[in-house]
>>> print(open('my_file-v9.json').read())   # JSON, C-alpha atoms
[["chain", "number", "residue", "atom", "x", "y", "z"],
["A", 272, "MET", "CA", -12.84, 1.67, 21.73],
["A", 273, "ILE", "CA", -15.18, -1.01, 23.04],
["A", 274, "VAL", "CA", -13.54, -4.41, 23.50],
["A", 275, "ARG", "CA", -15.70, -7.25, 24.74],
["A", 276, "GLU", "CA", -16.84, -10.72, 23.88],
["A", 277, "LYS", "CA", -19.76, -10.98, 21.50],
["A", 278, "PRO", "CA", -22.94, -10.79, 23.60],
["A", 279, "ASN", "CA", -25.76, -13.27, 23.18],
["A", 280, "ALA", "CA", -29.13, -12.35, 21.72],
["A", 281, "PHE", "CA", -30.63, -11.58, 25.14],
["A", 282, "GLN", "CA", -27.73, -9.36, 26.27],
["A", 283, "LEU", "CA", -27.90, -7.31, 23.07],
["A", 284, "PHE", "CA", -31.05, -5.55, 24.29],
["A", 285, "PHE", "CA", -29.51, -4.38, 27.58],
["A", 286, "ILE", "CA", -25.98, -3.26, 26.64],
["A", 287, "LEU", "CA", -25.52, 0.51, 27.01],
["A", 288, "ARG", "CA", -21.72, 0.94, 27.18],
["A", 289, "GLY", "CA", -20.57, 1.55, 23.65],
["A", 290, "SER", "CA", -24.12, 1.97, 22.44],
["A", 291, "VAL", "CA", -25.46, 5.24, 21.01],
["A", 292, "VAL", "CA", -28.71, 4.95, 23.01],
["A", 293, "PRO", "CA", -27.59, 7.36, 25.77],
["A", 294, "LEU", "CA", -26.74, 9.93, 23.09],
["A", 295, "ILE", "CA", -30.04, 9.73, 21.24],
["A", 296, "PHE", "CA", -32.38, 8.94, 24.13],
["A", 297, "PRO", "CA", -33.98, 12.45, 24.10],
["A", 298, "GLN", "CA", -34.85, 12.11, 20.40],
["A", 299, "ILE", "CA", -36.25, 8.60, 20.87],
["A", 300, "ALA", "CA", -38.29, 9.72, 23.89],
["A", 301, "PHE", "CA", -39.70, 12.73, 22.06],
["A", 302, "VAL", "CA", -40.73, 10.74, 18.98],
["A", 303, "THR", "CA", -42.23, 7.99, 21.16],
["A", 304, "LEU", "CA", -44.22, 10.51, 23.21],
["A", 305, "LEU", "CA", -45.40, 12.11, 19.99],
["A", 306, "GLY", "CA", -46.50, 8.70, 18.78],
["A", 307, "ILE", "CA", -48.34, 8.05, 22.06],
["A", 308, "GLY", "CA", -50.15, 11.38, 21.81],
["A", 309, "VAL", "CA", -51.18, 10.75, 18.19],
["A", 310, "ALA", "CA", -52.26, 7.18, 18.94],
["A", 311, "ILE", "CA", -54.39, 8.20, 21.94],
["A", 312, "THR", "CA", -55.97, 11.04, 19.98],
["A", 313, "GLN", "CA", -56.77, 8.66, 17.12],
["A", 314, "TYR", "CA", -58.25, 6.15, 19.55],
["A", 315, "TYR", "CA", -60.71, 8.61, 21.10],
["A", 316, "TYR", "CA", -61.33, 10.66, 17.95],
["A", 317, "PRO", "CA", -61.07, 8.17, 15.07],
["A", 318, "ASN", "CA", -61.73, 10.67, 12.30],
["A", 319, "ILE", "CA", -59.46, 13.48, 13.45],
["A", 320, "PHE", "CA", -56.50, 12.27, 11.32],
["A", 321, "PRO", "CA", -57.20, 11.47, 7.68],
["A", 322, "SER", "CA", -56.01, 8.15, 6.30],
["A", 323, "PHE", "CA", -52.78, 8.60, 4.33],
["A", 324, "THR", "CA", -51.16, 6.21, 1.91],
["A", 325, "LEU", "CA", -47.79, 4.95, 3.13],
["A", 326, "ALA", "CA", -46.10, 5.36, -0.25],
["A", 327, "PRO", "CA", -44.63, 8.85, 0.44],
["A", 328, "LEU", "CA", -43.27, 7.71, 3.80],
["A", 329, "ALA", "CA", -41.77, 4.61, 2.22],
["A", 330, "LEU", "CA", -40.05, 6.62, -0.52],
["A", 331, "LEU", "CA", -38.73, 9.19, 1.95],
["A", 332, "GLY", "CA", -37.54, 6.41, 4.24],
["A", 333, "VAL", "CA", -35.63, 4.72, 1.43],
["A", 334, "ALA", "CA", -33.98, 8.02, 0.43],
["A", 335, "LEU", "CA", -33.05, 8.77, 4.03],
["A", 336, "SER", "CA", -31.61, 5.28, 4.47],
["A", 337, "LEU", "CA", -29.40, 5.78, 1.43],
["A", 338, "PHE", "CA", -28.16, 9.13, 2.75],
["A", 339, "LEU", "CA", -27.46, 7.70, 6.19],
["A", 340, "GLY", "CA", -25.75, 4.65, 4.70],
["A", 341, "PHE", "CA", -23.50, 6.81, 2.54],
["A", 342, "ARG", "CA", -22.57, 9.04, 5.46],
["A", 343, "ASN", "CA", -21.94, 6.05, 7.70],
["A", 344, "ASN", "CA", -19.63, 4.52, 5.09],
["A", 345, "ALA", "CA", -17.76, 7.80, 4.67],
["A", 346, "SER", "CA", -17.29, 8.08, 8.45],
["A", 347, "TYR", "CA", -16.13, 4.47, 8.76],
["A", 348, "ASP", "CA", -13.63, 5.01, 5.94],
["A", 349, "ARG", "CA", -12.12, 7.88, 7.97],
["A", 350, "TRP", "CA", -12.01, 5.67, 11.09],
["A", 351, "TRP", "CA", -10.39, 2.79, 9.24],
["A", 352, "GLU", "CA", -7.85, 5.01, 7.47],
["A", 353, "ALA", "CA", -6.90, 6.50, 10.84],
["A", 354, "ARG", "CA", -6.39, 2.97, 12.21],
["A", 355, "GLN", "CA", -4.23, 2.05, 9.22],
["A", 356, "GLN", "CA", -2.10, 5.16, 9.70],
["A", 357, "TRP", "CA", -1.46, 4.33, 13.35],
["A", 358, "GLY", "CA", -0.63, 0.79, 12.35],
["A", 359, "GLN", "CA", 1.93, 2.21, 9.92],
["A", 360, "LEU", "CA", 3.32, 4.42, 12.69],
["A", 361, "ILE", "CA", 3.85, 1.37, 14.88],
["A", 362, "VAL", "CA", 5.68, -0.40, 12.04],
["A", 363, "ALA", "CA", 7.87, 2.63, 11.30],
["A", 364, "SER", "CA", 8.70, 3.17, 14.99],
["A", 365, "ARG", "CA", 9.66, -0.46, 15.57],
["A", 366, "SER", "CA", 11.67, -0.68, 12.34],
["A", 367, "LEU", "CA", 13.56, 2.54, 13.05],
["A", 368, "SER", "CA", 14.39, 1.45, 16.60],
["A", 369, "ARG", "CA", 15.39, -2.03, 15.47],
["A", 370, "GLN", "CA", 17.82, -0.68, 12.89],
["A", 371, "ILE", "CA", 19.23, 1.89, 15.31],
["A", 372, "SER", "CA", 19.85, -0.79, 17.94],
["A", 373, "SER", "CA", 21.39, -3.12, 15.35],
["A", 374, "TYR", "CA", 23.65, -0.76, 13.42],
["A", 375, "ILE", "CA", 24.80, 1.92, 15.85],
["A", 376, "ASP", "CA", 27.81, 0.70, 17.79],
["A", 377, "ILE", "CA", 26.99, 0.82, 21.50],
["A", 378, "ASN", "CA", 30.50, -0.13, 22.56],
["A", 379, "THR", "CA", 31.37, 3.55, 22.52],
["A", 380, "GLU", "CA", 29.83, 6.08, 24.87],
["A", 381, "VAL", "CA", 28.73, 8.29, 21.98],
["A", 382, "GLY", "CA", 27.09, 5.38, 20.15],
["A", 383, "ALA", "CA", 25.21, 4.16, 23.21],
["A", 384, "GLN", "CA", 24.02, 7.65, 24.03],
["A", 385, "MET", "CA", 22.92, 8.32, 20.45],
["A", 386, "GLN", "CA", 21.03, 5.03, 20.25],
["A", 387, "LYS", "CA", 19.16, 5.78, 23.44],
["A", 388, "ARG", "CA", 18.38, 9.37, 22.38],
["A", 389, "MET", "CA", 16.94, 8.32, 19.02],
["A", 390, "ILE", "CA", 14.70, 5.64, 20.49],
["A", 391, "TYR", "CA", 13.56, 7.97, 23.27],
["A", 392, "LEU", "CA", 12.62, 10.60, 20.68],
["A", 393, "THR", "CA", 10.66, 7.98, 18.75],
["A", 394, "ILE", "CA", 8.65, 7.19, 21.88],
["A", 395, "ALA", "CA", 8.12, 10.89, 22.50],
["A", 396, "PHE", "CA", 6.82, 11.36, 18.95],
["A", 397, "ASN", "CA", 4.15, 8.68, 19.39],
["A", 398, "HIS", "CA", 2.87, 10.28, 22.59],
["A", 399, "ALA", "CA", 3.11, 13.81, 21.17],
["A", 400, "LEU", "CA", 1.06, 12.90, 18.09],
["A", 401, "ARG", "CA", -1.64, 11.33, 20.26],
["A", 402, "HIS", "CA", -1.89, 14.43, 22.43],
["A", 403, "GLN", "CA", -1.89, 16.73, 19.41],
["A", 404, "LEU", "CA", -4.84, 14.88, 17.87],
["A", 405, "ARG", "CA", -6.72, 14.87, 21.17],
["A", 406, "HIS", "CA", -5.86, 18.46, 22.15],
["A", 407, "THR", "CA", -4.35, 17.39, 25.47],
["A", 408, "GLU", "CA", -1.11, 18.31, 27.24],
["A", 409, "PRO", "CA", 1.75, 15.96, 26.27],
["A", 410, "TRP", "CA", 4.50, 16.90, 28.72],
["A", 411, "ASP", "CA", 3.72, 14.39, 31.47],
["A", 412, "ASP", "CA", 4.21, 11.57, 28.95],
["A", 413, "ILE", "CA", 7.21, 12.86, 27.00],
["A", 414, "LYS", "CA", 9.37, 14.93, 29.36],
["A", 415, "LYS", "CA", 11.06, 11.84, 30.79],
["A", 416, "TYR", "CA", 12.33, 11.04, 27.29],
["A", 417, "LEU", "CA", 13.73, 14.52, 26.61],
["A", 418, "THR", "CA", 16.74, 16.45, 27.83],
["A", 419, "LYS", "CA", 16.52, 19.98, 29.22],
["A", 420, "GLU", "CA", 17.84, 21.32, 25.93],
["A", 421, "ASP", "CA", 15.12, 19.40, 24.06],
["A", 422, "MET", "CA", 12.44, 20.78, 26.35],
["A", 423, "LEU", "CA", 13.55, 24.37, 25.76],
["A", 424, "LEU", "CA", 13.60, 23.83, 22.02],
["A", 425, "LEU", "CA", 10.29, 21.97, 21.76],
["A", 426, "ASP", "CA", 8.43, 24.27, 24.13],
["A", 427, "GLN", "CA", 8.58, 27.01, 21.51],
["A", 428, "SER", "CA", 7.20, 24.84, 18.72],
["A", 429, "GLN", "CA", 3.71, 25.27, 17.30],
["A", 430, "ASN", "CA", 3.72, 21.67, 16.03],
["A", 431, "LEU", "CA", 5.33, 19.44, 18.65],
["A", 432, "PRO", "CA", 5.39, 16.12, 16.75],
["A", 433, "ASP", "CA", 6.96, 17.77, 13.70],
["A", 434, "ALA", "CA", 9.54, 19.47, 15.92],
["A", 435, "ILE", "CA", 10.47, 16.09, 17.40],
["A", 436, "LEU", "CA", 10.94, 14.68, 13.90],
["A", 437, "ARG", "CA", 13.24, 17.58, 13.04],
["A", 438, "LEU", "CA", 15.20, 16.88, 16.21],
["A", 439, "MET", "CA", 15.46, 13.21, 15.20],
["A", 440, "GLY", "CA", 16.80, 14.29, 11.81],
["A", 441, "GLN", "CA", 19.44, 16.42, 13.50],
["A", 442, "LYS", "CA", 20.50, 13.50, 15.70],
["A", 443, "LEU", "CA", 20.68, 11.29, 12.63],
["A", 444, "GLY", "CA", 22.94, 13.86, 10.97],
["A", 445, "ALA", "CA", 25.10, 13.88, 14.07],
["A", 446, "CYS", "CA", 25.45, 10.10, 13.78],
["A", 447, "ARG", "CA", 26.78, 10.52, 10.25],
["A", 448, "ASP", "CA", 29.19, 13.25, 11.33],
["A", 449, "LYS", "CA", 30.54, 10.98, 14.04],
["A", 450, "ASN", "CA", 30.86, 8.07, 11.56],
["A", 451, "LEU", "CA", 28.37, 5.97, 13.49],
["A", 452, "LEU", "CA", 26.39, 5.20, 10.33],
["A", 453, "SER", "CA", 27.14, 4.72, 6.67],
["A", 454, "ASP", "CA", 25.35, 6.75, 4.00],
["A", 455, "PHE", "CA", 23.31, 3.68, 3.00],
["A", 456, "LEU", "CA", 22.07, 3.12, 6.55],
["A", 457, "MET", "CA", 21.41, 6.84, 6.91],
["A", 458, "GLN", "CA", 19.03, 6.70, 3.94],
["A", 459, "SER", "CA", 17.22, 3.68, 5.34],
["A", 460, "LEU", "CA", 16.72, 5.33, 8.75],
["A", 461, "ASP", "CA", 15.65, 8.59, 7.16],
["A", 462, "ASP", "CA", 13.00, 6.69, 5.17],
["A", 463, "HIS", "CA", 11.45, 5.51, 8.44],
["A", 464, "ILE", "CA", 11.41, 9.06, 9.80],
["A", 465, "ALA", "CA", 9.78, 10.20, 6.56],
["A", 466, "SER", "CA", 7.17, 7.45, 7.00],
["A", 467, "MET", "CA", 6.40, 8.79, 10.48],
["A", 468, "ALA", "CA", 6.02, 12.28, 9.00],
["A", 469, "GLU", "CA", 3.59, 10.90, 6.40],
["A", 470, "VAL", "CA", 1.50, 9.33, 9.16],
["A", 471, "GLN", "CA", 1.37, 12.63, 11.01],
["A", 472, "ALA", "CA", 0.30, 14.49, 7.86],
["A", 473, "ALA", "CA", -2.42, 11.92, 7.12],
["A", 474, "CYS", "CA", -3.76, 12.10, 10.68],
["A", 475, "GLU", "CA", -3.78, 15.89, 10.56],
["A", 476, "ARG", "CA", -5.68, 15.74, 7.27],
["A", 477, "ILE", "CA", -8.34, 13.47, 8.76],
["A", 478, "HIS", "CA", -8.52, 15.54, 11.93],
["A", 479, "ASN", "CA", -8.73, 18.93, 10.23],
["A", 480, "THR", "CA", -11.06, 17.98, 7.35],
["A", 481, "PRO", "CA", -14.49, 16.90, 8.62],
["A", 482, "LEU", "CA", -17.31, 15.76, 6.39],
["A", 483, "PRO", "CA", -19.10, 18.71, 4.75],
["A", 484, "PHE", "CA", -21.39, 20.40, 7.28],
["A", 485, "ALA", "CA", -24.12, 20.99, 4.69],
["A", 486, "TYR", "CA", -24.37, 17.25, 4.06],
["A", 487, "MET", "CA", -24.65, 16.49, 7.78],
["A", 488, "LEU", "CA", -27.32, 19.19, 8.12],
["A", 489, "LEU", "CA", -29.34, 17.75, 5.24],
["A", 490, "VAL", "CA", -29.31, 14.25, 6.74],
["A", 491, "GLN", "CA", -30.24, 15.41, 10.24],
["A", 492, "ARG", "CA", -33.04, 17.68, 9.05],
["A", 493, "THR", "CA", -34.50, 14.91, 6.92],
["A", 494, "ALA", "CA", -34.30, 12.42, 9.80],
["A", 495, "TYR", "CA", -36.09, 14.77, 12.20],
["A", 496, "LEU", "CA", -38.74, 15.62, 9.60],
["A", 497, "TYR", "CA", -39.36, 11.96, 8.80],
["A", 498, "CYS", "CA", -39.69, 10.90, 12.44],
["A", 499, "PHE", "CA", -42.03, 13.83, 13.24],
["A", 500, "ILE", "CA", -44.49, 13.06, 10.43],
["A", 501, "LEU", "CA", -44.23, 9.28, 10.85],
["A", 502, "PRO", "CA", -46.87, 8.92, 13.62],
["A", 503, "PHE", "CA", -49.46, 10.83, 11.60],
["A", 504, "GLY", "CA", -48.84, 8.66, 8.56],
["A", 505, "ILE", "CA", -49.09, 5.23, 10.23],
["A", 506, "VAL", "CA", -51.58, 5.80, 13.07],
["A", 507, "ALA", "CA", -54.60, 4.95, 10.91],
["A", 508, "SER", "CA", -53.21, 1.50, 10.12],
["A", 509, "GLN", "CA", -51.21, 0.76, 13.28],
["A", 510, "GLY", "CA", -53.41, 2.26, 15.98],
["A", 511, "LEU", "CA", -52.08, 1.95, 19.51],
["A", 512, "VAL", "CA", -48.93, 0.18, 18.29],
["A", 513, "THR", "CA", -47.81, 3.42, 16.60],
["A", 514, "PRO", "CA", -45.44, 4.49, 19.45],
["A", 515, "LEU", "CA", -43.53, 1.19, 19.20],
["A", 516, "PHE", "CA", -42.87, 1.63, 15.48],
["A", 517, "CYS", "CA", -41.92, 5.27, 16.06],
["A", 518, "ALA", "CA", -39.39, 4.33, 18.75],
["A", 519, "ILE", "CA", -37.77, 1.62, 16.60],
["A", 520, "ILE", "CA", -37.45, 3.83, 13.53],
["A", 521, "ALA", "CA", -36.19, 6.79, 15.59],
["A", 522, "TYR", "CA", -33.58, 4.52, 17.19],
["A", 523, "THR", "CA", -32.43, 3.32, 13.76],
["A", 524, "PHE", "CA", -32.20, 6.68, 12.02],
["A", 525, "PHE", "CA", -30.91, 8.78, 14.91],
["A", 526, "GLY", "CA", -28.59, 5.96, 15.97],
["A", 527, "LEU", "CA", -26.94, 5.77, 12.55],
["A", 528, "ASP", "CA", -26.55, 9.54, 12.57],
["A", 529, "ALA", "CA", -24.96, 9.57, 16.05],
["A", 530, "LEU", "CA", -22.66, 6.67, 15.21],
["A", 531, "SER", "CA", -21.50, 8.46, 12.07],
["A", 532, "GLU", "CA", -20.62, 11.52, 14.15],
["A", 533, "GLU", "CA", -18.51, 9.39, 16.51],
["A", 534, "LEU", "CA", -16.64, 7.62, 13.71],
["A", 535, "GLU", "CA", -16.12, 10.85, 11.79],
["A", 536, "GLU", "CA", -13.62, 12.01, 14.44],
["A", 537, "PRO", "CA", -11.63, 8.80, 15.17],
["A", 538, "PHE", "CA", -9.02, 10.40, 17.43],
["A", 539, "GLY", "CA", -11.31, 11.57, 20.23],
["A", 540, "LEU", "CA", -12.29, 10.03, 23.56],
["A", 541, "SER", "CA", -15.72, 8.69, 22.65],
["A", 542, "ALA", "CA", -16.51, 5.04, 23.30],
["A", 543, "ASN", "CA", -16.03, 4.01, 19.67],
["A", 544, "ASP", "CA", -12.92, 6.08, 18.90],
["A", 545, "LEU", "CA", -9.48, 4.59, 18.37],
["A", 546, "PRO", "CA", -7.50, 3.49, 21.47],
["A", 547, "LEU", "CA", -4.57, 5.81, 20.81],
["A", 548, "HIS", "CA", -3.38, 5.69, 24.42],
["A", 549, "ALA", "CA", -3.18, 1.90, 24.37],
["A", 550, "MET", "CA", -1.36, 1.89, 21.01],
["A", 551, "SER", "CA", 1.18, 4.55, 21.99],
["A", 552, "ARG", "CA", 1.81, 2.77, 25.30],
["A", 553, "ALA", "CA", 2.33, -0.55, 23.48],
["A", 554, "THR", "CA", 4.88, 1.11, 21.19],
["A", 555, "GLU", "CA", 6.59, 2.65, 24.22],
["A", 556, "ILE", "CA", 6.94, -0.76, 25.86],
["A", 557, "ASN", "CA", 8.26, -2.37, 22.67],
["A", 558, "LEU", "CA", 10.91, 0.31, 22.14],
["A", 559, "LEU", "CA", 12.07, 0.27, 25.75],
["A", 560, "GLU", "CA", 12.51, -3.50, 25.46],
["A", 561, "ILE", "CA", 14.73, -2.91, 22.41],
["A", 562, "LEU", "CA", 16.96, -0.79, 24.67],
["A", 563, "GLY", "CA", 17.05, -3.62, 27.20],
["A", 564, "GLU", "CA", 15.26, -1.68, 29.92],
["A", 565, "THR", "CA", 13.36, -3.70, 32.50],
["A", 566, "ASN", "CA", 11.43, -0.98, 34.33],
["A", 567, "LEU", "CA", 8.59, -0.95, 31.79],
["A", 568, "PRO", "CA", 5.26, 0.85, 32.09],
["A", 569, "GLN", "CA", 2.13, -1.26, 32.34],
["A", 570, "PRO", "CA", 0.02, -1.80, 29.22],
["A", 571, "ILE", "CA", -3.25, 0.13, 29.09],
["A", 572, "GLN", "CA", -6.10, -2.16, 30.09],
["A", 573, "ALA", "CA", -9.75, -1.84, 29.16],
["A", 574, "LYS", "CA", -11.94, -0.43, 31.92],
["A", 575, "LYS", "CA", -15.52, -1.62, 31.81],
["A", 576, "HIS", "CA", -14.95, -2.92, 28.27],
["A", 577, "ARG", "CA", -13.59, 0.46, 27.12],
["A", 578, "LEU", "CA", -10.02, 0.87, 25.86],
["A", 579, "GLU", "CA", -8.70, 4.42, 25.42]]
>>> encode(input="my_file-v9.json", output="structure tokens")
Amino acid sequence: MIVREKPNAFQLFFILRGSVVPLIFPQIAFVTLLGIGVAITQYYYPNIFPSFTLAPLALLGVALSLFLGFRNNASYDRWWEARQQWGQLIVASRSLSRQISSYIDINTEVGAQMQKRMIYLTIAFNHALRHQLRHTEPWDDIKKYLTKEDMLLLDQSQNLPDAILRLMGQKLGACRDKNLLSDFLMQSLDDHIASMAEVQAACERIHNTPLPFAYMLLVQRTAYLYCFILPFGIVASQGLVTPLFCAIIAYTFFGLDALSEELEEPFGLSANDLPLHAMSRATEINLLEILGETNLPQPIQAKKHRLE
């Protein structure tokens, strides 16, 4: 995710990091070159292109804008829902760890060990969910919070975050068996684990259910078609300025399309995706502080205005 101070009006024209210009530069260049070719041809051969009314282009442009706007809104809704789910995960993780540290008696060796194990598993779940959504290897981040028995058990799992939640449920049951928690507190802690499971399910739904491909194909085809016929429709009235208008319109339409594609998959590593690494690291730090540990990892900092 891009994090930076709001640029001034002059800087806006030169910012590339976080912009979609590098992604759509080939399309903009092609449409601009097409506009240059049409404009030069019209200049030397004034009657080669007939004069068209701009009404069809205007109507098609309005329709395309509506399609792009709808798709952009749908993509942003997915991005914002994903951010809300990770916000809920942070709340559930902190609340679970706070209650565990408050209500499990650490004056006994079993209580202290169980408190530490539950909070460590909560940290491991946050990292495991991030890696699952990004299709990356989680073990470097979570193995320090697991025992050898946990590693053997989780290594066989097809869904690592869900397996960690099951392991947390087993540890919670062990707390009840050892009379470390009352039934009322057990229910409260189990509700937080269930909330974490709901977040995982919601993130998996967003991740595994993209916007319909046919809709994306319709929008992209229409955008290409519009930008390709645009120079021929406006060259009679705009003359040598045609390439400028072509570049601006291509930037707008192709830019909205590219931005929608980035927001549609909010868990990736693109510049405008969610900073899952920073959020899971912040949760890790908070939960280790609850345990009273002082050797804390460093927060993830933005590099060149980009936070991952």
>>> residues_around(input="my_file-v9.json", residues="Gly332 of chain A", least_positions_apart="2", cutoff="10 Å", atoms="all atoms listed in the file", output="PyMOL selection string")
chain A and resi 326-330+334-338+493-494+497-498+501+520+524
>>> atom_distance(input="my_file-v9.json", atom1="atom CA of Ala399 of chain A", atom2="atom CA of Ser364 of chain A")
13.5 Å
>>> axis_aligned_box(input="my_file-v9.json", around="segment 316-324 of chain A", padding_each_side="5 Å", output="lines of an AutoDock Vina configuration file")
center_x = -56.4
center_y = 9.8
center_z = 9.9
size_x = 20.6
size_y = 17.3
size_z = 26.0
>>> residues_around(input="my_file-v9.json", residues="Trp351 of chain A", least_positions_apart="6", cutoff="12 Å", atoms="all atoms listed in the file", output="list in words")
Asn344, Ala345, Trp357, Gly358, Cys474, Ile477, Leu534, Glu535, Glu536, Pro537, Phe538, Asn543, Asp544 and Leu545 of chain A
>>> atom_distance(input="my_file-v9.json", atom1="atom CA of Gln572 of chain A", atom2="atom CA of Thr407 of chain A")
20.2 Å
>>> atom_distance(input="my_file-v9.json", atom1="atom CA of Gly382 of chain A", atom2="atom CA of Leu451 of chain A")
6.8 Å
>>> closest_residue(input="my_file-v9.json", among="A:Gly510, A:Val362, A:Phe516, A:Leu400", to="Glu475 of chain A", atoms="only C-alpha atoms")
A:Leu400
>>> build_atoms(input="my_file-v9.json", residues="segment 373-393 of chain A", atoms="N, CA and C atoms", output="PDB file, keeping the file's coordinate frame")
ATOM      1  N   SER A 373      20.570  -2.106  16.024  1.00  0.00           N
ATOM      2  CA  SER A 373      21.390  -3.120  15.350  1.00  0.00           C
ATOM      3  C   SER A 373      22.648  -2.535  14.730  1.00  0.00           C
ATOM      4  N   TYR A 374      22.567  -1.291  14.246  1.00  0.00           N
ATOM      5  CA  TYR A 374      23.650  -0.760  13.420  1.00  0.00           C
ATOM      6  C   TYR A 374      24.484   0.329  14.085  1.00  0.00           C
ATOM      7  N   ILE A 375      23.978   0.944  15.134  1.00  0.00           N
ATOM      8  CA  ILE A 375      24.800   1.920  15.850  1.00  0.00           C
ATOM      9  C   ILE A 375      25.618   1.196  16.908  1.00  0.00           C
ATOM     10  N   ASP A 376      26.909   1.381  16.874  1.00  0.00           N
ATOM     11  CA  ASP A 376      27.810   0.700  17.790  1.00  0.00           C
ATOM     12  C   ASP A 376      27.629   1.252  19.205  1.00  0.00           C
ATOM     13  N   ILE A 377      27.212   0.376  20.119  1.00  0.00           N
ATOM     14  CA  ILE A 377      26.990   0.820  21.500  1.00  0.00           C
ATOM     15  C   ILE A 377      28.211   0.560  22.377  1.00  0.00           C
ATOM     16  N   ASN A 378      29.293   0.097  21.777  1.00  0.00           N
ATOM     17  CA  ASN A 378      30.500  -0.130  22.560  1.00  0.00           C
ATOM     18  C   ASN A 378      31.224   1.167  22.891  1.00  0.00           C
ATOM     19  N   THR A 379      30.838   2.227  22.206  1.00  0.00           N
ATOM     20  CA  THR A 379      31.370   3.550  22.520  1.00  0.00           C
ATOM     21  C   THR A 379      30.317   4.352  23.272  1.00  0.00           C
ATOM     22  N   GLU A 380      30.771   5.276  24.087  1.00  0.00           N
ATOM     23  CA  GLU A 380      29.830   6.080  24.870  1.00  0.00           C
ATOM     24  C   GLU A 380      28.934   6.916  23.964  1.00  0.00           C
ATOM     25  N   VAL A 381      29.512   7.465  22.905  1.00  0.00           N
ATOM     26  CA  VAL A 381      28.730   8.290  21.980  1.00  0.00           C
ATOM     27  C   VAL A 381      27.667   7.451  21.276  1.00  0.00           C
ATOM     28  N   GLY A 382      28.045   6.248  20.839  1.00  0.00           N
ATOM     29  CA  GLY A 382      27.090   5.380  20.150  1.00  0.00           C
ATOM     30  C   GLY A 382      25.945   4.965  21.051  1.00  0.00           C
ATOM     31  N   ALA A 383      26.258   4.574  22.280  1.00  0.00           N
ATOM     32  CA  ALA A 383      25.210   4.160  23.210  1.00  0.00           C
ATOM     33  C   ALA A 383      24.271   5.308  23.536  1.00  0.00           C
ATOM     34  N   GLN A 384      24.843   6.480  23.725  1.00  0.00           N
ATOM     35  CA  GLN A 384      24.020   7.650  24.030  1.00  0.00           C
ATOM     36  C   GLN A 384      23.130   8.021  22.838  1.00  0.00           C
ATOM     37  N   MET A 385      23.687   7.960  21.636  1.00  0.00           N
ATOM     38  CA  MET A 385      22.920   8.320  20.450  1.00  0.00           C
ATOM     39  C   MET A 385      21.795   7.321  20.202  1.00  0.00           C
ATOM     40  N   GLN A 386      22.066   6.045  20.421  1.00  0.00           N
ATOM     41  CA  GLN A 386      21.030   5.030  20.250  1.00  0.00           C
ATOM     42  C   GLN A 386      19.866   5.281  21.209  1.00  0.00           C
ATOM     43  N   LYS A 387      20.196   5.536  22.440  1.00  0.00           N
ATOM     44  CA  LYS A 387      19.160   5.780  23.440  1.00  0.00           C
ATOM     45  C   LYS A 387      18.368   7.045  23.121  1.00  0.00           C
ATOM     46  N   ARG A 388      19.066   8.104  22.679  1.00  0.00           N
ATOM     47  CA  ARG A 388      18.380   9.370  22.380  1.00  0.00           C
ATOM     48  C   ARG A 388      17.406   9.211  21.226  1.00  0.00           C
ATOM     49  N   MET A 389      17.796   8.494  20.185  1.00  0.00           N
ATOM     50  CA  MET A 389      16.940   8.320  19.020  1.00  0.00           C
ATOM     51  C   MET A 389      15.682   7.509  19.358  1.00  0.00           C
ATOM     52  N   ILE A 390      15.856   6.467  20.126  1.00  0.00           N
ATOM     53  CA  ILE A 390      14.700   5.640  20.490  1.00  0.00           C
ATOM     54  C   ILE A 390      13.795   6.391  21.458  1.00  0.00           C
ATOM     55  N   TYR A 391      14.370   7.149  22.369  1.00  0.00           N
ATOM     56  CA  TYR A 391      13.560   7.970  23.270  1.00  0.00           C
ATOM     57  C   TYR A 391      12.742   9.007  22.492  1.00  0.00           C
ATOM     58  N   LEU A 392      13.352   9.617  21.487  1.00  0.00           N
ATOM     59  CA  LEU A 392      12.620  10.600  20.680  1.00  0.00           C
ATOM     60  C   LEU A 392      11.509   9.942  19.883  1.00  0.00           C
ATOM     61  N   THR A 393      11.713   8.707  19.460  1.00  0.00           N
ATOM     62  CA  THR A 393      10.660   7.980  18.750  1.00  0.00           C
ATOM     63  C   THR A 393       9.461   7.735  19.664  1.00  0.00           C
TER      64      THR A 393
END
